[in-house]
Number of protein chains: 4
Amino acid sequence: MVNMSLEELRHFFEAEFPQASKDFLIEGHDGTDFVLRLPVDDRHLRPGGTVSGPTIFALADVAIYLAILSRIGPVALAVTTSASIDFLRKPEQGRDLLARVRLLKLGRVLAVADALVFSDGLEEPVARVSMTYSIPPAR
Amino acid sequence: MVNMSLEELRHFFEAEFPQASKDFLIEGHDGTDFVLRLPVDDRHLRPGGTVSGPTIFALADVAIYLAILSRIGPVALAVTTSASIDFLRKPEQGRDLLARVRLLKLGRVLAVADALVFSDGLEEPVARVSMTYSIPPAR
Amino acid sequence: MVNMSLEELRHFFEAEFPQASKDFLIEGHDGTDFVLRLPVDDRHLRPGGTVSGPTIFALADVAIYLAILSRIGPVALAVTTSASIDFLRKPEQGRDLLARVRLLKLGRVLAVADALVFSDGLEEPVARVSMTYSIPPAR
Amino acid sequence: MVNMSLEELRHFFEAEFPQASKDFLIEGHDGTDFVLRLPVDDRHLRPGGTVSGPTIFALADVAIYLAILSRIGPVALAVTTSASIDFLRKPEQGRDLLARVRLLKLGRVLAVADALVFSDGLEEPVARVSMTYSIPPAR
C-alpha cells in the first residue's frame with residue numbers, strides 16, 4: 001500500500017489546489033483519524049456568526065480526499081460521487097473547525113469514508129459527513 | 001398557506017443574505033419546479049474548469065431554502081439539518097447551473113425537498129440533492 | 001442500448017429472485033417512470049398498522065434494481081452500494097404501495113436513480129429514496 | 001437524563017415489538033457503543049448466501065432506535081425520518097451481524113446516530129448507516 005508522508009501530502013495539496021490549500025491546515029493522522037483544520041475567518045461566516053453549511057461540506061470534502069490520498073498516493077483525479085451530511089449543532093463562534101476522518105473502505109474503484117466535524121476543543125460534533133470517492137482506473 | 005411573490009422573495013433574499021444574493025438569480029416557479037440560477041464565473045471553478053462540489057451544494061441549499069420560504073413566508077432562521085447529494089456528471093464549461101426544486105413535505109417542524117442541478121440547456125442532470133430543513137416553532 | 005421487455009423482466013425476476021418476486025408486481029414504464037407495486041399484507045405491517053421502514057426500503061431497492069436492468073439487460077450481480085431515504089408520511093392503511101423510479105445516470109460502473117413511494121391513489125409521497133448501484137464489469 | 005437498564009430495554013422491546021424482538025439480541029453498551037446482534041439464519045439470505053440490504057437496514061434501524069430509547073426512556077412512537085447507508089463489503093457467510101451505534105445528538109425533537117455493521121469477529125465493516133429519529137413532543 002502506498003503511503004504519503006505528511007510532507008508529501010502538503011506539497012501535493014499546494015501544487016494541485018493552490019487556492020484551497022490556503023484555507024486548510026493538514027494536521028495528519030492522530031493514530032485513529034486523519035485530521036484537517038479550518039482556521040475560521042470572516043469569509044466563512046453567515047449572518048449571526050455561524051459557519052455556513054457549504055463551508056462545512058467543503059472542509060469534510062477536502063479532509064476525506066486527503067485522507068484517501070494519504071493511503072493510495074497522489075491521484076489528483078479522484079472525485080466525490082456521493083455525500084450525506086447531518087448538521088448537528090451550531091459551530092461555536094471564534095473556534096477553528098476540525099474534521100476527523102475514518103476510512104471505511106479502499107476499494108479498486110470506490111473509497112468510502114466518514115468524518116465528524118468539531119469546533120476545536122469541544123466534544124460534541126457539529127456535523128457528521130460520509131462520502132464516496134471514485135478512484136480513476138489508471139492508479 | 002402563505003405565499004411569497006417573486007418580488008417579495010427577492011427583497012427578502014437581498015436584505016437577509018446580501019452576499020449570497022449577489023451570486024444567484026431567483027427565476028421562481030415554472031409550473032412544476034422552483035428554479036434558481038448560478039451564473040458561473042471563475043470563482044466557482046476548480047482546476048480543469050469544473051464547478052466545485054461545495055458550489056453545487058451551496059446552489060442546491062439556497063434553492064431549497066428559497067423554495068420553502070416561497071411557501072411558508074419569510075423565516076430567516078430555517079436551517080438545513082441534513083442533506084444527501086449524488087454527483088452525476090461534470091458540469092459543462094461555460095454554462096450557468098440551474099437548480100430545479102420539488103417540495104416533498106412541508107410539515108410543522110420539518111420541510112423536505114429535492115433538487116436536480118443542470119448545466120443550462122442540457123438534459124442530463126449534473127447532480128441530485130435532497131435536503132431537510134428545520135422550521136423554527138415561532139412561525 | 002439493451003432494453004428488456006416487461007415479459008423478459010418478469011421472467012428474469014422470477015427465475016433469479018423466486019422469493020422476492022412473489023412480493024412485488026412489475027407494472028413497468030408509464031412513459032416517465034418505472035413502476036413497481038407492493039400489494040401490502042399483514043407481513044409488512046408494524047404495530048399500529050403502518051408499513052415498516054425496511055419494507056419501504058426493500059420496495060425501492062427492488063424497483064430501482066429492475067429499472068436499471070430494464071435498460072442494461074439481465075445483470076443479476078448488480079449490487080446497491082449506497083442509499084439515502086427520507087420518510088415523509090405514514091402510508092395509508094389498506095392501500096398498496098407504488099415506487100416510481102427515475103433513472104438519473106447509467107454509467108460504465110455506476111448507475112444512480114431515485115424513487116418516490118406512494119400509497120396507491122394518493123398524491124403526497126410516503127418516502128423519497130435515492131440509490132447507487134454498482135454494475136459488474138463483465139456486462 | 002433517563003436511562004433504561006438492559007433489563008428494562010429488553011422487556012420494552014418484547015412487549016412493544018413482539019415479532020422483531022425474536023430476530024435480534026440486545027447486547028447493550030460496551031463502553032463506547034450500543035450493540036445489537038442479528039443471529040443470521042436462512043430467512044435473511046439472498047441467493048448466493050449473502051444477507052440482503054433491507055435486512056442490514058432493519059438491523060441498523062432497530063439498533064439505533066434502541067440506543068436512543070436507552071437514553072430517553074420508553075418512547076414507542078419515535079420514528080425514523082431519514083437514513084443514509086453505504087454498503088461496503090459482503091457479509092461473511094455463517095457469521096452473525098453486529099450493529100455498533102454511536103449517538104451523535106439527542107435534541108428536543110430530533111435524535112441523530114450512526115452505526116457500523118460488522119460480521120461477528122471481523123474488523124472491516126459491512127455497512128455504514130446514519131439515521132435521524134423524530135421524538136414525539138409528549139416525552
# chains A, B, ... in the order shown; residues from 1 in each chain; ligands from 1
>>> closest_atom_pairs(of="chain C", to="chain B", cutoff="9 Å", atoms="only C-alpha atoms", output="CSV")
residue,atom,partner,partner_atom,distance
C:Ser84,CA,B:Ser84,CA,6.9
C:Asp86,CA,B:Val112,CA,8.0
C:Leu88,CA,B:Lys105,CA,6.5
C:Arg89,CA,B:Lys105,CA,8.4
C:Leu104,CA,B:Pro125,CA,7.0
C:Lys105,CA,B:Leu88,CA,6.5
C:Val112,CA,B:Leu88,CA,7.7
C:Asp114,CA,B:Arg128,CA,8.8
C:Glu124,CA,B:Leu104,CA,7.6
C:Pro125,CA,B:Leu104,CA,7.0
C:Ala127,CA,B:Leu104,CA,8.8
C:Arg128,CA,B:Leu104,CA,8.2
C:Ser130,CA,B:Asp86,CA,8.7
C:Thr132,CA,B:Asp86,CA,8.6
>>> write_last_selection(atoms="N, CA and C atoms", output="PDB file, in the first residue's frame")
ATOM      1  N   SER C  84     -29.982   6.694   0.195  1.00  0.00           N
ATOM      2  CA  SER C  84     -30.474   7.631   1.195  1.00  0.00           C
ATOM      3  C   SER C  84     -31.978   7.658   1.080  1.00  0.00           C
ATOM      4  N   ASP C  86     -35.732   9.404   2.794  1.00  0.00           N
ATOM      5  CA  ASP C  86     -36.484  10.287   3.684  1.00  0.00           C
ATOM      6  C   ASP C  86     -37.892   9.727   3.826  1.00  0.00           C
ATOM      7  N   LEU C  88     -41.516  10.464   4.697  1.00  0.00           N
ATOM      8  CA  LEU C  88     -42.225  11.735   4.649  1.00  0.00           C
ATOM      9  C   LEU C  88     -43.575  11.697   5.357  1.00  0.00           C
ATOM     10  N   ARG C  89     -44.299  10.618   5.187  1.00  0.00           N
ATOM     11  CA  ARG C  89     -45.640  10.479   5.774  1.00  0.00           C
ATOM     12  C   ARG C  89     -45.899   9.010   6.049  1.00  0.00           C
ATOM     13  N   LEU C 104     -31.260   8.399 -13.266  1.00  0.00           N
ATOM     14  CA  LEU C 104     -30.557   9.674 -13.375  1.00  0.00           C
ATOM     15  C   LEU C 104     -29.210   9.521 -14.063  1.00  0.00           C
ATOM     16  N   LYS C 105     -28.619   8.329 -13.948  1.00  0.00           N
ATOM     17  CA  LYS C 105     -27.335   8.085 -14.601  1.00  0.00           C
ATOM     18  C   LYS C 105     -27.143   6.599 -14.829  1.00  0.00           C
ATOM     19  N   VAL C 112     -27.267   5.490 -11.053  1.00  0.00           N
ATOM     20  CA  VAL C 112     -27.920   6.245  -9.980  1.00  0.00           C
ATOM     21  C   VAL C 112     -29.373   6.488 -10.358  1.00  0.00           C
ATOM     22  N   ASP C 114     -33.481   7.682  -8.508  1.00  0.00           N
ATOM     23  CA  ASP C 114     -34.252   7.947  -7.310  1.00  0.00           C
ATOM     24  C   ASP C 114     -35.678   7.475  -7.508  1.00  0.00           C
ATOM     25  N   GLU C 124     -49.569  12.603  -2.282  1.00  0.00           N
ATOM     26  CA  GLU C 124     -48.403  13.030  -1.499  1.00  0.00           C
ATOM     27  C   GLU C 124     -47.524  11.826  -1.209  1.00  0.00           C
ATOM     28  N   PRO C 125     -46.232  11.933  -1.516  1.00  0.00           N
ATOM     29  CA  PRO C 125     -45.371  10.758  -1.371  1.00  0.00           C
ATOM     30  C   PRO C 125     -45.155  10.350   0.087  1.00  0.00           C
ATOM     31  N   ALA C 127     -42.424   8.349   0.824  1.00  0.00           N
ATOM     32  CA  ALA C 127     -40.970   8.335   1.015  1.00  0.00           C
ATOM     33  C   ALA C 127     -40.268   8.747  -0.271  1.00  0.00           C
ATOM     34  N   ARG C 128     -39.046   9.283  -0.066  1.00  0.00           N
ATOM     35  CA  ARG C 128     -38.139   9.607  -1.172  1.00  0.00           C
ATOM     36  C   ARG C 128     -36.889   8.775  -0.979  1.00  0.00           C
ATOM     37  N   SER C 130     -33.045   7.543  -2.846  1.00  0.00           N
ATOM     38  CA  SER C 130     -32.092   7.539  -3.963  1.00  0.00           C
ATOM     39  C   SER C 130     -31.063   6.447  -3.705  1.00  0.00           C
ATOM     40  N   THR C 132     -27.469   4.194  -5.386  1.00  0.00           N
ATOM     41  CA  THR C 132     -26.423   3.943  -6.368  1.00  0.00           C
ATOM     42  C   THR C 132     -26.207   2.442  -6.473  1.00  0.00           C
TER      43      THR C 132
END
>>> residues_around(residues="range 17-28 of chain B", least_positions_apart="6", cutoff="6 Å", atoms="only C-alpha atoms", output="PyMOL selection string")
chain B and resi 34-38
>>> write_last_selection(atoms="C-alpha atoms", output="PDB file, in the first residue's frame")
ATOM      1  CA  PHE B  34     -38.819  26.274  -8.199  1.00  0.00           C
ATOM      2  CA  VAL B  35     -35.742  27.362 -10.175  1.00  0.00           C
ATOM      3  CA  LEU B  36     -32.547  29.110  -9.027  1.00  0.00           C
ATOM      4  CA  ARG B  37     -29.713  30.056 -11.406  1.00  0.00           C
ATOM      5  CA  LEU B  38     -25.990  30.249 -10.693  1.00  0.00           C
TER       6      LEU B  38
END
>>> atom_distance(atom1="CA of Asp120 in chain B", atom2="CA of Arg102 in chain B")
17.9 Å
>>> calpha_fit_and_write(fixed="chain C", moving="chain D", output="PDB file with C-alpha atoms, in the first residue's frame")
ATOM      1  CA  MET D   1     -28.754   0.132 -25.588  1.00  0.00           C
ATOM      2  CA  VAL D   2     -30.206  -3.155 -24.362  1.00  0.00           C
ATOM      3  CA  ASN D   3     -33.868  -2.989 -23.442  1.00  0.00           C
ATOM      4  CA  MET D   4     -35.689  -5.786 -21.673  1.00  0.00           C
ATOM      5  CA  SER D   5     -39.363  -6.157 -22.398  1.00  0.00           C
ATOM      6  CA  LEU D   6     -41.773  -6.331 -19.497  1.00  0.00           C
ATOM      7  CA  GLU D   7     -42.142 -10.043 -20.172  1.00  0.00           C
ATOM      8  CA  GLU D   8     -38.382 -10.646 -20.132  1.00  0.00           C
ATOM      9  CA  LEU D   9     -38.039  -8.629 -16.946  1.00  0.00           C
ATOM     10  CA  ARG D  10     -40.749 -10.649 -15.182  1.00  0.00           C
ATOM     11  CA  HIS D  11     -39.211 -13.956 -16.228  1.00  0.00           C
ATOM     12  CA  PHE D  12     -35.776 -12.857 -15.086  1.00  0.00           C
ATOM     13  CA  PHE D  13     -37.143 -11.655 -11.741  1.00  0.00           C
ATOM     14  CA  GLU D  14     -39.008 -14.912 -11.064  1.00  0.00           C
ATOM     15  CA  ALA D  15     -36.051 -17.057 -12.088  1.00  0.00           C
ATOM     16  CA  GLU D  16     -33.369 -15.177 -10.142  1.00  0.00           C
ATOM     17  CA  PHE D  17     -35.341 -13.979  -7.106  1.00  0.00           C
ATOM     18  CA  PRO D  18     -38.112 -16.539  -6.650  1.00  0.00           C
ATOM     19  CA  GLN D  19     -38.960 -15.338  -3.135  1.00  0.00           C
ATOM     20  CA  ALA D  20     -38.921 -11.570  -3.701  1.00  0.00           C
ATOM     21  CA  SER D  21     -40.803 -11.883  -6.979  1.00  0.00           C
ATOM     22  CA  LYS D  22     -43.839 -13.172  -5.072  1.00  0.00           C
ATOM     23  CA  ASP D  23     -43.990  -9.940  -3.045  1.00  0.00           C
ATOM     24  CA  PHE D  24     -43.935  -7.406  -5.885  1.00  0.00           C
ATOM     25  CA  LEU D  25     -45.784  -6.731  -9.135  1.00  0.00           C
ATOM     26  CA  ILE D  26     -43.827  -5.187 -12.013  1.00  0.00           C
ATOM     27  CA  GLU D  27     -46.018  -2.555 -13.646  1.00  0.00           C
ATOM     28  CA  GLY D  28     -43.269  -1.304 -15.956  1.00  0.00           C
ATOM     29  CA  HIS D  29     -42.649   2.071 -17.579  1.00  0.00           C
ATOM     30  CA  ASP D  30     -45.542   4.500 -17.625  1.00  0.00           C
ATOM     31  CA  GLY D  31     -43.893   6.949 -20.032  1.00  0.00           C
ATOM     32  CA  THR D  32     -41.932   8.807 -17.363  1.00  0.00           C
ATOM     33  CA  ASP D  33     -41.187   6.409 -14.540  1.00  0.00           C
ATOM     34  CA  PHE D  34     -40.619   2.722 -13.948  1.00  0.00           C
ATOM     35  CA  VAL D  35     -43.292   1.501 -11.518  1.00  0.00           C
ATOM     36  CA  LEU D  36     -43.240  -1.384  -9.023  1.00  0.00           C
ATOM     37  CA  ARG D  37     -46.215  -2.281  -6.825  1.00  0.00           C
ATOM     38  CA  LEU D  38     -46.188  -3.799  -3.333  1.00  0.00           C
ATOM     39  CA  PRO D  39     -49.544  -5.389  -2.525  1.00  0.00           C
ATOM     40  CA  VAL D  40     -49.459  -4.695   1.208  1.00  0.00           C
ATOM     41  CA  ASP D  41     -50.461  -7.518   3.533  1.00  0.00           C
ATOM     42  CA  ASP D  42     -50.095  -8.295   7.213  1.00  0.00           C
ATOM     43  CA  ARG D  43     -46.451  -9.371   6.968  1.00  0.00           C
ATOM     44  CA  HIS D  44     -45.419  -5.805   6.127  1.00  0.00           C
ATOM     45  CA  LEU D  45     -47.244  -4.110   8.962  1.00  0.00           C
ATOM     46  CA  ARG D  46     -45.875  -2.743  12.224  1.00  0.00           C
ATOM     47  CA  PRO D  47     -47.925  -2.325  15.365  1.00  0.00           C
ATOM     48  CA  GLY D  48     -50.344   0.493  14.519  1.00  0.00           C
ATOM     49  CA  GLY D  49     -50.983  -0.778  11.016  1.00  0.00           C
ATOM     50  CA  THR D  50     -48.195   1.118   9.260  1.00  0.00           C
ATOM     51  CA  VAL D  51     -45.751  -0.380   6.756  1.00  0.00           C
ATOM     52  CA  SER D  52     -42.265  -0.730   8.228  1.00  0.00           C
ATOM     53  CA  GLY D  53     -39.274   1.315   7.086  1.00  0.00           C
ATOM     54  CA  PRO D  54     -37.281  -1.723   5.954  1.00  0.00           C
ATOM     55  CA  THR D  55     -40.222  -2.824   3.799  1.00  0.00           C
ATOM     56  CA  ILE D  56     -40.324   0.580   2.091  1.00  0.00           C
ATOM     57  CA  PHE D  57     -36.556   0.378   1.665  1.00  0.00           C
ATOM     58  CA  ALA D  58     -36.906  -3.081   0.094  1.00  0.00           C
ATOM     59  CA  LEU D  59     -39.620  -1.883  -2.282  1.00  0.00           C
ATOM     60  CA  ALA D  60     -37.438   0.989  -3.527  1.00  0.00           C
ATOM     61  CA  ASP D  61     -34.368  -1.247  -3.729  1.00  0.00           C
ATOM     62  CA  VAL D  62     -36.100  -3.818  -5.941  1.00  0.00           C
ATOM     63  CA  ALA D  63     -37.803  -1.127  -8.025  1.00  0.00           C
ATOM     64  CA  ILE D  64     -34.533   0.660  -8.783  1.00  0.00           C
ATOM     65  CA  TYR D  65     -32.737  -2.623  -9.485  1.00  0.00           C
ATOM     66  CA  LEU D  66     -35.384  -3.647 -12.012  1.00  0.00           C
ATOM     67  CA  ALA D  67     -35.497  -0.173 -13.579  1.00  0.00           C
ATOM     68  CA  ILE D  68     -31.746  -0.381 -14.202  1.00  0.00           C
ATOM     69  CA  LEU D  69     -31.969  -3.924 -15.580  1.00  0.00           C
ATOM     70  CA  SER D  70     -34.759  -2.895 -17.930  1.00  0.00           C
ATOM     71  CA  ARG D  71     -32.135  -0.684 -19.587  1.00  0.00           C
ATOM     72  CA  ILE D  72     -28.880  -2.639 -19.338  1.00  0.00           C
ATOM     73  CA  GLY D  73     -30.181  -6.198 -19.585  1.00  0.00           C
ATOM     74  CA  PRO D  74     -30.162  -9.111 -17.128  1.00  0.00           C
ATOM     75  CA  VAL D  75     -27.212  -8.430 -14.801  1.00  0.00           C
ATOM     76  CA  ALA D  76     -28.004 -10.458 -11.718  1.00  0.00           C
ATOM     77  CA  LEU D  77     -24.910  -9.254  -9.891  1.00  0.00           C
ATOM     78  CA  ALA D  78     -25.561  -5.520  -9.806  1.00  0.00           C
ATOM     79  CA  VAL D  79     -25.426  -4.509  -6.134  1.00  0.00           C
ATOM     80  CA  THR D  80     -26.592  -1.502  -4.131  1.00  0.00           C
ATOM     81  CA  THR D  81     -23.589   0.477  -2.902  1.00  0.00           C
ATOM     82  CA  SER D  82     -25.380   3.348  -1.207  1.00  0.00           C
ATOM     83  CA  ALA D  83     -28.827   4.686  -0.464  1.00  0.00           C
ATOM     84  CA  SER D  84     -30.473   7.633   1.195  1.00  0.00           C
ATOM     85  CA  ILE D  85     -34.090   7.708   2.236  1.00  0.00           C
ATOM     86  CA  ASP D  86     -36.489  10.279   3.678  1.00  0.00           C
ATOM     87  CA  PHE D  87     -39.659   9.036   5.325  1.00  0.00           C
ATOM     88  CA  LEU D  88     -42.234  11.740   4.654  1.00  0.00           C
ATOM     89  CA  ARG D  89     -45.635  10.473   5.771  1.00  0.00           C
ATOM     90  CA  LYS D  90     -47.286   7.371   7.146  1.00  0.00           C
ATOM     91  CA  PRO D  91     -48.521   5.080   4.402  1.00  0.00           C
ATOM     92  CA  GLU D  92     -52.319   4.962   4.311  1.00  0.00           C
ATOM     93  CA  GLN D  93     -53.688   1.713   5.708  1.00  0.00           C
ATOM     94  CA  GLY D  94     -55.315  -0.693   3.281  1.00  0.00           C
ATOM     95  CA  ARG D  95     -53.602   0.683   0.172  1.00  0.00           C
ATOM     96  CA  ASP D  96     -50.844  -0.850  -1.929  1.00  0.00           C
ATOM     97  CA  LEU D  97     -47.535   0.973  -2.153  1.00  0.00           C
ATOM     98  CA  LEU D  98     -46.130   2.099  -5.505  1.00  0.00           C
ATOM     99  CA  ALA D  99     -42.494   3.011  -6.162  1.00  0.00           C
ATOM    100  CA  ARG D 100     -41.969   5.325  -9.145  1.00  0.00           C
ATOM    101  CA  VAL D 101     -38.326   5.321 -10.337  1.00  0.00           C
ATOM    102  CA  ARG D 102     -36.370   7.912 -12.350  1.00  0.00           C
ATOM    103  CA  LEU D 103     -33.024   6.801 -13.783  1.00  0.00           C
ATOM    104  CA  LEU D 104     -30.558   9.667 -13.361  1.00  0.00           C
ATOM    105  CA  LYS D 105     -27.338   8.084 -14.592  1.00  0.00           C
ATOM    106  CA  LEU D 106     -26.378   4.874 -16.332  1.00  0.00           C
ATOM    107  CA  GLY D 107     -22.589   4.886 -16.289  1.00  0.00           C
ATOM    108  CA  ARG D 108     -20.004   2.255 -17.060  1.00  0.00           C
ATOM    109  CA  VAL D 109     -19.583   1.164 -13.432  1.00  0.00           C
ATOM    110  CA  LEU D 110     -22.293   3.054 -11.507  1.00  0.00           C
ATOM    111  CA  ALA D 111     -25.996   3.658 -12.000  1.00  0.00           C
ATOM    112  CA  VAL D 112     -27.914   6.242  -9.970  1.00  0.00           C
ATOM    113  CA  ALA D 113     -31.677   6.534  -9.640  1.00  0.00           C
ATOM    114  CA  ASP D 114     -34.249   7.950  -7.304  1.00  0.00           C
ATOM    115  CA  ALA D 115     -37.778   6.897  -6.450  1.00  0.00           C
ATOM    116  CA  LEU D 116     -40.855   8.312  -4.826  1.00  0.00           C
ATOM    117  CA  VAL D 117     -43.049   5.864  -2.924  1.00  0.00           C
ATOM    118  CA  PHE D 118     -46.814   6.489  -2.813  1.00  0.00           C
ATOM    119  CA  SER D 119     -49.871   4.929  -1.226  1.00  0.00           C
ATOM    120  CA  ASP D 120     -51.851   3.863  -4.279  1.00  0.00           C
ATOM    121  CA  GLY D 121     -54.262   6.604  -5.342  1.00  0.00           C
ATOM    122  CA  LEU D 122     -52.798   9.351  -3.147  1.00  0.00           C
ATOM    123  CA  GLU D 123     -50.750  12.300  -4.371  1.00  0.00           C
ATOM    124  CA  GLU D 124     -48.405  13.023  -1.514  1.00  0.00           C
ATOM    125  CA  PRO D 125     -45.356  10.757  -1.376  1.00  0.00           C
ATOM    126  CA  VAL D 126     -44.720   8.434   1.579  1.00  0.00           C
ATOM    127  CA  ALA D 127     -40.968   8.335   1.016  1.00  0.00           C
ATOM    128  CA  ARG D 128     -38.144   9.597  -1.177  1.00  0.00           C
ATOM    129  CA  VAL D 129     -35.278   7.227  -1.922  1.00  0.00           C
ATOM    130  CA  SER D 130     -32.097   7.532  -3.960  1.00  0.00           C
ATOM    131  CA  MET D 131     -29.685   4.704  -4.631  1.00  0.00           C
ATOM    132  CA  THR D 132     -26.421   3.940  -6.375  1.00  0.00           C
ATOM    133  CA  TYR D 133     -25.858   0.536  -7.932  1.00  0.00           C
ATOM    134  CA  SER D 134     -22.488  -0.886  -8.900  1.00  0.00           C
ATOM    135  CA  ILE D 135     -22.537  -2.588 -12.296  1.00  0.00           C
ATOM    136  CA  PRO D 136     -20.169  -5.545 -12.614  1.00  0.00           C
ATOM    137  CA  PRO D 137     -17.508  -5.066 -15.325  1.00  0.00           C
ATOM    138  CA  ALA D 138     -18.342  -8.185 -17.411  1.00  0.00           C
ATOM    139  CA  ARG D 139     -21.513  -6.625 -18.745  1.00  0.00           C
TER     140      ARG D 139
END
>>> select_by_dssp(residues="chain B", states="alpha helix (DSSP H)", output="ChimeraX atom specification")
/B:6-16,20-23,53-72
>>> select_by_dssp(residues="chain D", states="strand (DSSP E)", output="count of residues only")
47
